[in-house]
Amino acid sequence: LNLNSGAVIIGAMLISPLMNPILGVGLGIGTNDRTMLWQALKNFGIAVIIALVTSILYFALTPIDTFTPEMQSRTEPTILDALVAVFGGLAGIISVTRLDKTNAIPGVAIATALMPPLCVAGYGLVLAFTDLDQGLTVFWRAGYLFFLNSFFIAVTAYLIIRLLRFPYRKYVNKNEARKSQ
C-alpha cells in the first residue's frame, strides 16, 4: 500500500483470511446455528486483530511514510463499494453452497478488498501517534470501508442461505431451542 503497487495489493487480497469467517457469520445466522456463528465471529476477530497488529508493526517500523493514492482510496467509501460487497458476497456464498466446487473465492476476495482497508486502518493508528486528528480520521474511514464490506458480505450470505432454504439447526432440548431464538 505505501509503495502504491497494485500487484502487491491484489496479492494481499488473495491471501486475506477474512472472507470465510464473514461468510460463516451469514451462514450461522441464516441457519440459526449459534455454535457456527460464535466460531465464525471468533475466527473473524482473530484475523482482524492479526491483520491490524501486523499492519501497525509494519507501518511503525518502515521508513516509508507516504500516504499514497492507493491508501487514500481506502479512506473514501462510496455506494459502489457497498454494491461490490453485495455482489461479492453473492458470488462467494453461491460458490460455497454449490455441489461442484469452484474457485470463485479468490475473485471475491479481490473484488471486495477486505485486507487493504484494514491495513490502512493500522496505518491510521500509527499516524495517530504523530498527528492525532489525521490518524484517527484515516483509521475511522478505512475501518468504515472494512465494516461496510464485511457487513454487506455477511448480509448477502444470510439472504442467499434463507433463499436457498438451508435447514435450521435442530436443538436437542427445548431450553437450547429457546436460547437460539
# chains A, B, ... in the order shown; residues from 1 in each chain; ligands from 1
>>> residues_around(residues="range 25-31 of chain A", least_positions_apart="3", cutoff="12 Å", atoms="only C-alpha atoms", output="JSON, numbers by chain")
{"A": [18, 19, 20, 21, 22, 34, 35, 36, 37, 38, 39, 40, 41, 42, 43, 44, 45, 89, 90, 92, 93, 94, 96, 97, 150, 151, 152, 153, 154, 155, 156, 157, 158, 159, 160, 161, 162, 163, 164, 165, 166, 167, 168, 169, 170, 171, 180, 181]}
>>> write_last_selection(atoms="C-alpha atoms", output="mmCIF file, in the first residue's frame")
data_model
loop_
_atom_site.group_PDB
_atom_site.id
_atom_site.type_symbol
_atom_site.label_atom_id
_atom_site.label_comp_id
_atom_site.auth_asym_id
_atom_site.auth_seq_id
_atom_site.Cartn_x
_atom_site.Cartn_y
_atom_site.Cartn_z
ATOM 1 C CA LEU A 18 -11.253 -12.744 6.235
ATOM 2 C CA MET A 19 -13.719 -13.961 3.599
ATOM 3 C CA ASN A 20 -14.594 -17.382 5.031
ATOM 4 C CA PRO A 21 -15.309 -16.144 8.580
ATOM 5 C CA ILE A 22 -17.594 -13.428 7.187
ATOM 6 C CA ARG A 34 -25.072 -20.380 17.397
ATOM 7 C CA THR A 35 -22.005 -22.606 17.587
ATOM 8 C CA MET A 36 -21.082 -21.839 13.994
ATOM 9 C CA LEU A 37 -21.827 -18.139 14.470
ATOM 10 C CA TRP A 38 -19.583 -17.850 17.536
ATOM 11 C CA GLN A 39 -16.799 -19.821 15.840
ATOM 12 C CA ALA A 40 -17.027 -17.584 12.745
ATOM 13 C CA LEU A 41 -17.028 -14.431 14.895
ATOM 14 C CA LYS A 42 -14.041 -15.736 16.872
ATOM 15 C CA ASN A 43 -12.122 -16.542 13.663
ATOM 16 C CA PHE A 44 -13.071 -13.161 12.206
ATOM 17 C CA GLY A 45 -11.916 -11.340 15.347
ATOM 18 C CA GLY A 89 -20.898 -11.755 -1.060
ATOM 19 C CA LEU A 90 -23.417 -13.164 -3.525
ATOM 20 C CA GLY A 92 -18.879 -16.037 -2.524
ATOM 21 C CA ILE A 93 -21.834 -17.708 -0.836
ATOM 22 C CA ILE A 94 -23.118 -19.213 -4.078
ATOM 23 C CA VAL A 96 -19.527 -22.169 -1.318
ATOM 24 C CA THR A 97 -23.037 -23.665 -1.476
ATOM 25 C CA SER A 150 -17.836 -7.140 5.829
ATOM 26 C CA PHE A 151 -21.420 -6.245 6.717
ATOM 27 C CA PHE A 152 -22.762 -6.462 3.180
ATOM 28 C CA ILE A 153 -20.968 -9.740 2.509
ATOM 29 C CA ALA A 154 -22.479 -11.259 5.678
ATOM 30 C CA VAL A 155 -25.968 -9.894 4.937
ATOM 31 C CA THR A 156 -25.857 -11.192 1.375
ATOM 32 C CA ALA A 157 -24.683 -14.593 2.626
ATOM 33 C CA TYR A 158 -27.586 -14.641 5.086
ATOM 34 C CA LEU A 159 -30.127 -13.722 2.402
ATOM 35 C CA ILE A 160 -28.886 -16.392 -0.010
ATOM 36 C CA ILE A 161 -28.884 -19.027 2.757
ATOM 37 C CA ARG A 162 -32.513 -18.196 3.507
ATOM 38 C CA LEU A 163 -33.408 -18.002 -0.195
ATOM 39 C CA LEU A 164 -31.901 -21.462 -0.750
ATOM 40 C CA ARG A 165 -33.863 -22.665 2.295
ATOM 41 C CA PHE A 166 -30.960 -24.183 4.158
ATOM 42 C CA PRO A 167 -32.375 -26.110 7.126
ATOM 43 C CA TYR A 168 -32.295 -24.502 10.534
ATOM 44 C CA ARG A 169 -30.129 -26.182 13.120
ATOM 45 C CA LYS A 170 -32.101 -28.510 15.312
ATOM 46 C CA TYR A 171 -31.500 -28.404 19.048
ATOM 47 C CA SER A 180 -31.314 -19.668 19.967
ATOM 48 C CA GLN A 181 -34.398 -17.634 19.080
#
>>> select_by_dssp(residues="chain A", states="helix (DSSP H, G or I)", output="ChimeraX atom specification")
/A:6-14,19-30,34-61,69-73,79-97,104-112,115-127,132-163,174-180
>>> residues_around(residues="Leu80 in chain A", least_positions_apart="5", cutoff="12 Å", atoms="only C-alpha atoms", output="JSON, numbers by chain")
{"A": [85, 86, 87, 88, 111, 112, 145, 148, 149, 152]}
>>> closest_residue(among="A:Gln134, A:Ser95, A:Asn2, A:Thr78", to="Leu23 in chain A", atoms="only C-alpha atoms")
A:Ser95
>>> closest_residue(among="A:Val48, A:Ile64, A:Leu114, A:Val84", to="Ile9 in chain A", atoms="only C-alpha atoms")
A:Leu114
